[in-house]
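S.K.: Can you read through this structure? Questions will come right after.
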Amino acid sequence: MSLTPLDYKKQANEYYSKQQWSLAIDAYSKAIETIRTTTSNESIPLYLLYLNRSSAYIQDKNFFDGYQDARQSLKLKAEANSKGYYCAGICAYRLGFIDKATKYAEQAINGQREEFNGYLDLKYLLEKKVNSIKRWRKNNMTATKCLDRLQQITHQ
C-alpha cells in the first residue's frame with residue numbers, strides 16, 4: 001500500500017520535529033513526487049512542500065538544495081510567501097550571494113509582520129556581512145598597495 005501525499009507530509013513533519021533532517025527531506029521528496037505523478041484529490045499546496053523541504057535542507061546545512069527549493073516555492077507562489085523569501089535569504093546568505101540575500105530579506109520583511117523579529121535578525125546579519133565585505137575589500141586594496149610598495153623597495 002502506497003502512502004498519500006498527506007501521509008508523507010505528516011511523516012516528514014514528524015521527522016522534522018525530531019531533527020531527523022535527511023528522513024524529513026526524503027519524506028517531503030516522496031510527497032512532492034506523489035503529487036507530480038498521480039492525480040491525487042488531496043489539496044496540499046506544492047509550494048508548501050518545497051518550502052518545508054527547503055527548511056529541512058537548511059537545518060541539514062545543505063544550502064544549495066535549500067536555495068533551489070525556496071526559489072521553486074516562490075515560483076509557485078510569490079504572494080503571501082514570506083517564509084519562502086526568508087528561506088531563500090538564509091540560503092543565499094550562506095552561499096555568499098549577499099545582494100540577493102538582502103533583497104530576499106527585504107521582501108520577507110515587507111510581506112510578513114508576524115515573525116518580524118526573525119526577519120529583522122536576518123536583515124541585521126546581512127547588513128553586518130555587507131559592511132564586513134566592504135571593509136575587507138578596502139583593506140585588500142591597501143594590502144595590494146603595500147605589496148607593490150614592498151616589491152618596489154626590494155628591487156631598488
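FYI, nothing fancy with the C-alpha cells labels: chains A, B, ... in order, residues from 1 per chain, ligands from 1 as they appear.
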Could you pull the residues within 7 Å of range 76-85 of chain A, counting only C-alpha atoms, minus those fewer than 2 positions along the same chain, as a list of chain:residue names?
M.R.: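 Counting only the stated atoms, we get A:Tyr47, A:Leu51, A:Ala70, A:Gln72, A:Ser73, A:Leu74, A:Cys87, A:Ala88, A:Gly89, A:Tyr104, A:Ala105, A:Gln107, A:Ala108, A:Gly111, A:Gln112.
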S.K.: Pull C-alpha atoms from the residues just selected and write them as a PDB file, in the first residue's frame.
M.R.:
ATOM      1  CA  TYR A  47       4.732  25.332  -2.823  1.00  0.00           C
ATOM      2  CA  LEU A  51       9.162  25.303   1.405  1.00  0.00           C
ATOM      3  CA  ALA A  70      12.933  28.062  -1.722  1.00  0.00           C
ATOM      4  CA  GLN A  72      10.762  26.787  -6.523  1.00  0.00           C
ATOM      5  CA  SER A  73       8.334  27.586  -3.712  1.00  0.00           C
ATOM      6  CA  LEU A  74       8.447  31.267  -4.677  1.00  0.00           C
ATOM      7  CA  CYS A  87      14.458  30.649   3.426  1.00  0.00           C
ATOM      8  CA  ALA A  88      15.810  31.941   0.126  1.00  0.00           C
ATOM      9  CA  GLY A  89      17.514  34.770   2.009  1.00  0.00           C
ATOM     10  CA  TYR A 104      15.003  38.365  -0.231  1.00  0.00           C
ATOM     11  CA  ALA A 105      15.184  39.622   3.369  1.00  0.00           C
ATOM     12  CA  GLN A 107      10.754  41.075   0.583  1.00  0.00           C
ATOM     13  CA  ALA A 108      10.238  38.811   3.599  1.00  0.00           C
ATOM     14  CA  GLY A 111       5.327  40.672   3.387  1.00  0.00           C
ATOM     15  CA  GLN A 112       5.285  39.461   6.961  1.00  0.00           C
TER      16      GLN A 112
END
S.K.: How many Å lie between CA of Asn13 in chain A and CA of Thr37 in chain A, rounded to one decimal?
M.R.: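 For CA of Asn13 in chain A relative to CA of Thr37 in chain A, the distance reads 21.5 Å.
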S.K.: Could you name the residues that touch Lys100 in chain A at 12 Å or less, counting only C-alpha atoms, but leaving out those on the same chain fewer than 6 positions away, as an MDAnalysis selection string?
M.R.: chainID A and resid 67 71 85:94 106:107 123 126 130
S.K.: Might you pull out every residue within 7 Å of range 26-28 of chain A, with only C-alpha atoms counted and same-chain residues fewer than 5 positions away left off, and present them as JSON, numbers by chain?
M.R.: {"A": [8, 9, 11, 12, 49, 53]}
S.K.: Find, counting only C-alpha atoms, the residue in A:Pro45, A:Gly96, A:Asn52, A:Tyr16 that gets nearest to Phe64 in chain A.
M.R.: A:Gly96
S.K.: At a cut-off of 7 Å, using only C-alpha atoms, what residues contact Trp21 in chain A? Leave out same-chain residues fewer than 2 positions from it and give the result as JSON, numbers by chain.
M.R.: {"A": [15, 16, 19, 23, 24, 25, 56, 59, 60]}
S.K.: Output C-alpha atoms for every residue in that selection, as a PDB file, in the first residue's frame.
M.R.:
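Just written: out.pdb:
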ATOM      1  CA  TYR A  15      10.920  13.566  11.297  1.00  0.00           C
ATOM      2  CA  TYR A  16      11.488  17.312  11.195  1.00  0.00           C
ATOM      3  CA  GLN A  19      15.510  16.786  13.999  1.00  0.00           C
ATOM      4  CA  LEU A  23      14.476  11.458   6.723  1.00  0.00           C
ATOM      5  CA  ALA A  24      12.309  14.580   6.594  1.00  0.00           C
ATOM      6  CA  ILE A  25      13.854  15.574   3.252  1.00  0.00           C
ATOM      7  CA  ALA A  56      14.883  20.782   6.270  1.00  0.00           C
ATOM      8  CA  GLN A  59      18.739  22.557   9.056  1.00  0.00           C
ATOM      9  CA  ASP A  60      20.893  19.901   7.350  1.00  0.00           C
TER      10      ASP A  60
END
S.K.: Using Å and a single decimal, report how far CA of Ser55 in chain A sits from CA of Ile109 in chain A.
M.R.: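 One can read the CA of Ile109 in chain A to CA of Ser55 in chain A distance as 17.8 Å.
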S.K.: Just list as number ranges by chain whatever in range 42-125 of chain A DSSP marks as helix (DSSP H, G or I).
M.R.: A: 46-59, 63-76, 82-95, 98-111, 116-125
S.K.: Take the residues from that selection and put them in a file with C-alpha atoms, as a PDB file, in the first residue's frame.
M.R.:
ATOM      1  CA  LEU A  46       3.009  22.059  -3.706  1.00  0.00           C
ATOM      2  CA  TYR A  47       4.732  25.332  -2.823  1.00  0.00           C
ATOM      3  CA  LEU A  48       4.388  24.421   0.857  1.00  0.00           C
ATOM      4  CA  LEU A  49       6.106  21.051   0.394  1.00  0.00           C
ATOM      5  CA  TYR A  50       9.022  22.740  -1.375  1.00  0.00           C
ATOM      6  CA  LEU A  51       9.162  25.303   1.405  1.00  0.00           C
ATOM      7  CA  ASN A  52       9.171  22.649   4.132  1.00  0.00           C
ATOM      8  CA  ARG A  53      11.860  20.670   2.320  1.00  0.00           C
ATOM      9  CA  SER A  54      13.886  23.885   1.974  1.00  0.00           C
ATOM     10  CA  SER A  55      13.689  24.352   5.743  1.00  0.00           C
ATOM     11  CA  ALA A  56      14.883  20.782   6.270  1.00  0.00           C
ATOM     12  CA  TYR A  57      17.773  21.349   3.862  1.00  0.00           C
ATOM     13  CA  ILE A  58      18.715  24.497   5.785  1.00  0.00           C
ATOM     14  CA  GLN A  59      18.739  22.557   9.056  1.00  0.00           C
ATOM     15  CA  PHE A  63      22.124  25.496   1.455  1.00  0.00           C
ATOM     16  CA  PHE A  64      22.349  24.874  -2.285  1.00  0.00           C
ATOM     17  CA  ASP A  65      19.370  22.499  -2.385  1.00  0.00           C
ATOM     18  CA  GLY A  66      17.568  24.628   0.196  1.00  0.00           C
ATOM     19  CA  TYR A  67      18.016  27.634  -2.084  1.00  0.00           C
ATOM     20  CA  GLN A  68      16.678  25.710  -5.085  1.00  0.00           C
ATOM     21  CA  ASP A  69      13.588  24.600  -3.156  1.00  0.00           C
ATOM     22  CA  ALA A  70      12.933  28.062  -1.722  1.00  0.00           C
ATOM     23  CA  ARG A  71      13.102  29.512  -5.226  1.00  0.00           C
ATOM     24  CA  GLN A  72      10.762  26.787  -6.523  1.00  0.00           C
ATOM     25  CA  SER A  73       8.334  27.586  -3.712  1.00  0.00           C
ATOM     26  CA  LEU A  74       8.447  31.267  -4.677  1.00  0.00           C
ATOM     27  CA  LYS A  75       7.959  30.390  -8.332  1.00  0.00           C
ATOM     28  CA  LEU A  76       4.784  28.508  -7.434  1.00  0.00           C
ATOM     29  CA  SER A  82       7.277  35.440   3.360  1.00  0.00           C
ATOM     30  CA  LYS A  83       8.742  32.230   4.706  1.00  0.00           C
ATOM     31  CA  GLY A  84       9.819  31.382   1.150  1.00  0.00           C
ATOM     32  CA  TYR A  85      11.661  34.699   0.891  1.00  0.00           C
ATOM     33  CA  TYR A  86      13.144  34.131   4.337  1.00  0.00           C
ATOM     34  CA  CYS A  87      14.458  30.649   3.426  1.00  0.00           C
ATOM     35  CA  ALA A  88      15.810  31.941   0.126  1.00  0.00           C
ATOM     36  CA  GLY A  89      17.514  34.770   2.009  1.00  0.00           C
ATOM     37  CA  ILE A  90      19.128  32.424   4.539  1.00  0.00           C
ATOM     38  CA  CYS A  91      20.422  30.135   1.791  1.00  0.00           C
ATOM     39  CA  ALA A  92      21.618  32.983  -0.412  1.00  0.00           C
ATOM     40  CA  TYR A  93      23.459  34.456   2.575  1.00  0.00           C
ATOM     41  CA  ARG A  94      25.133  31.120   3.366  1.00  0.00           C
ATOM     42  CA  LEU A  95      26.090  30.666  -0.289  1.00  0.00           C
ATOM     43  CA  ILE A  98      24.805  38.816  -0.289  1.00  0.00           C
ATOM     44  CA  ASP A  99      22.964  41.155  -2.677  1.00  0.00           C
ATOM     45  CA  LYS A 100      20.315  38.528  -3.414  1.00  0.00           C
ATOM     46  CA  ALA A 101      20.029  37.664   0.273  1.00  0.00           C
ATOM     47  CA  THR A 102      19.425  41.313   1.095  1.00  0.00           C
ATOM     48  CA  LYS A 103      16.638  41.549  -1.494  1.00  0.00           C
ATOM     49  CA  TYR A 104      15.003  38.365  -0.231  1.00  0.00           C
ATOM     50  CA  ALA A 105      15.184  39.622   3.369  1.00  0.00           C
ATOM     51  CA  GLU A 106      13.535  42.908   2.430  1.00  0.00           C
ATOM     52  CA  GLN A 107      10.754  41.075   0.583  1.00  0.00           C
ATOM     53  CA  ALA A 108      10.238  38.811   3.599  1.00  0.00           C
ATOM     54  CA  ILE A 109      10.047  41.811   5.945  1.00  0.00           C
ATOM     55  CA  ASN A 110       7.630  43.675   3.695  1.00  0.00           C
ATOM     56  CA  GLY A 111       5.327  40.672   3.387  1.00  0.00           C
ATOM     57  CA  PHE A 116       9.065  40.322  12.192  1.00  0.00           C
ATOM     58  CA  ASN A 117      11.948  39.873  14.651  1.00  0.00           C
ATOM     59  CA  GLY A 118      13.309  36.815  12.824  1.00  0.00           C
ATOM     60  CA  TYR A 119      13.336  38.700   9.565  1.00  0.00           C
ATOM     61  CA  LEU A 120      14.944  41.730  11.178  1.00  0.00           C
ATOM     62  CA  ASP A 121      17.662  39.444  12.548  1.00  0.00           C
ATOM     63  CA  LEU A 122      18.366  38.227   9.021  1.00  0.00           C
ATOM     64  CA  LYS A 123      18.447  41.793   7.731  1.00  0.00           C
ATOM     65  CA  TYR A 124      20.856  42.759  10.541  1.00  0.00           C
ATOM     66  CA  LEU A 125      23.133  39.812   9.691  1.00  0.00           C
TER      67      LEU A 125
END
S.K.: Under the rule that only C-alpha atoms are counted, which of A:Lys128, A:Lys30, A:Ser22, A:Ser43 is the nearest residue to Leu3 in chain A?
M.R.: A:Lys30
S.K.: Could you tell me how far CA of Ala31 in chain A lies from CA of Glu14 in chain A, in Å and to one decimal?
M.R.: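 These two atoms are separated by 13.8 Å.
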